[in-house]
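Colleague: This is the structure, below, for whatever I ask next.
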Amino acid sequence: MSQDTDTDGDGTRVVRAGQPDPVAGQPFLPGPVFAAPYHLGQGERYYARYENPTLDAFEAALSTLEGGPAVVFPSGMAAISAVLLTALRPGDRVVVPSDGYFGTRVFVHEELARFDIRVLEVSTVDLDEVAGAGGLEGVALLLIESPSNPRLDVCNIEAVTEAAHDSGCLVAVDNTAATPLGQRPLELGADYSLAADTKALTGHSDVLLGHVAAHDAERATRVRAWRTRSGALPGPFEVWLAHRSLGTLDLRLDRQAANARALAHALVDHPAVSGLRYPGLPNDPAHDQFTRQMRRPLGLLSFELADAATVERFLTASRLAIAATSFGGLHTTVDRRAQWGGDRVSEGFIRVSCGCEDTADLVADFVAAADSLRSRP
Ligand SMILES: *Cc1c(COP(=O)(O)O)cnc(C)c1O
């Protein structure tokens, strides 16, 4: 495998990550290997639940980007549940974000309670204080989501992790929003970095995928054993699609962030818009910590319109905003989070995931749609 160097920039790293050394007459990225059993013989491979070269190549790419061994899963939730189920024992306490991805809270409450695992919820903005005050004593695992989804709050991962480790608590970071180009949790001290690669990492709104990277090789081995034993493997075609998409990650994130920044500036003082959050704005509550911790800006922002009906009118007036949940794709999408019932947000709260459209087109479209809200329907 071609290795990246410290001096390579993000664009170079994602284009080369996990690619085989050049072989004359062979493709840059070999196609997906479809096999359940392999012919038995001299080779090591015998069954695809144990090994598949397409998965190996993508995992090599993720390991390079994360800075620790990576294991790929068929969804973000499969990655999160693999960490929870390998790191926790009956009677343990786990802390999850109260303002993070709601599927994680559903999983811990509905599936882990049976194993006598006690769940505490702490909001991302309170984590620094709770961890600093010894609030993680007796906690086996802390799951951080920073920036949090959907509000985009940020905690000091390095400080919280240090306090957690002092209390004997392991730390996993859900790095979905940032991707390893935006933030490397393992370098900030975390034991696990995990993500829903369904979102920005693959970025084309066409695959469900996730991964776990671990600081210590033994933890990655344990997660891999869990995957082999439980059978939670992605198909080779999805993994190949993800690897193919990875090469444009730097370009996509750049455009998405440029679009988010432009929309944030254009809408922050708009009379139809309130509570706009974009950590790249100097007066955003997350700005300082975001700037210290993150390697690049985000393509996400959130704001509030008056109510659910106003969001409907906004979507009808806009040409480029697509109503869809999920985020991080090529298309700009708007998600009215209250419709799902899992987040503590107002009826008119929306998360905007900026796509790769032209910035001027997107700003003109969003501003016109927001302007149209001032006239009554
Ligand atoms: C979407 C998401 C998940 C779950 O990912 P799936 O691929 O849908 O299972 C987990 N965490 C965060 C932050 C997410 O946004």
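Here's how to read the names in the structure tokens: chain A, B, ... by the order shown, residue numbers from 1 in each chain, ligand numbers from 1 in the order shown.
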Might you pull out every residue within 8 Å of A:Pro236, with only C-alpha atoms counted and same-chain residues fewer than 4 positions away left off, and present them as a VMD selection string?

Modeller: chain A and resid 32 to 34 52 54 to 55 240

Colleague: Could you list, as a PyMOL selection string, all the residues within 10 Å of ligand 1, counting only C-alpha atoms and all ligand atoms?

Modeller: chain A and resi 73-81+100-104+144-150+173-178+194-200+207-211+325-328

Colleague: Check the smallest atom-to-atom distance from each of A:His165, A:Arg49, A:Arg114, A:Arg229 to A:Gly134 using only C-alpha atoms, then report the winner.

Modeller: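 The closest residue to A:Gly134 is A:His165.
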
Colleague: Taking only C-alpha atoms into account, which of A:Leu373, A:Pro285, A:Leu186, A:Pro271 comes nearest A:Ala309?

Modeller: A:Leu373

Colleague: Just the residues within 9 Å of stretch 329-331 of chain A, please, counting only C-alpha atoms, with nothing from its chain fewer than 2 positions along; format it as a PyMOL selection string.

Modeller: chain A and resi 198-205+252+256+320-322+326-327+333+353-357

Colleague: Go ahead and save the picked residues with C-alpha atoms, as a JSON list (two decimals), in the first residue's frame.

Modeller:
```json
[["chain", "number", "residue", "atom", "x", "y", "z"],
["A", 198, "THR", "CA", -22.86, 7.23, 5.26],
["A", 199, "LYS", "CA", -22.45, 11.00, 5.63],
["A", 200, "ALA", "CA", -19.62, 13.26, 4.43],
["A", 201, "LEU", "CA", -16.87, 10.66, 4.17],
["A", 202, "THR", "CA", -18.57, 8.89, 1.25],
["A", 203, "GLY", "CA", -20.65, 11.96, 0.40],
["A", 204, "HIS", "CA", -22.82, 10.75, -2.49],
["A", 205, "SER", "CA", -25.95, 9.77, -0.52],
["A", 252, "ARG", "CA", -16.05, 18.15, -1.40],
["A", 256, "GLN", "CA", -19.31, 22.40, 1.35],
["A", 320, "LEU", "CA", -31.82, 24.02, -4.40],
["A", 321, "ALA", "CA", -32.71, 22.97, -0.83],
["A", 322, "ILE", "CA", -33.81, 19.35, -0.77],
["A", 326, "SER", "CA", -28.83, 12.69, 6.71],
["A", 327, "PHE", "CA", -26.08, 15.12, 5.65],
["A", 333, "THR", "CA", -30.27, 19.23, 2.13],
["A", 353, "SER", "CA", -26.07, 20.35, 5.01],
["A", 354, "CYS", "CA", -24.37, 22.28, 2.26],
["A", 355, "GLY", "CA", -23.61, 20.39, -0.91],
["A", 356, "CYS", "CA", -21.21, 21.09, -3.75],
["A", 357, "GLU", "CA", -23.38, 23.45, -5.78]]
```

Colleague: Looking at A:Thr86, A:Pro20, A:Val14, A:Leu62, which one is nearest to A:Thr221, with distances taken over only C-alpha atoms?

Modeller: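 Residue with the minimum atom-to-atom distance to A:Thr221: A:Thr86.
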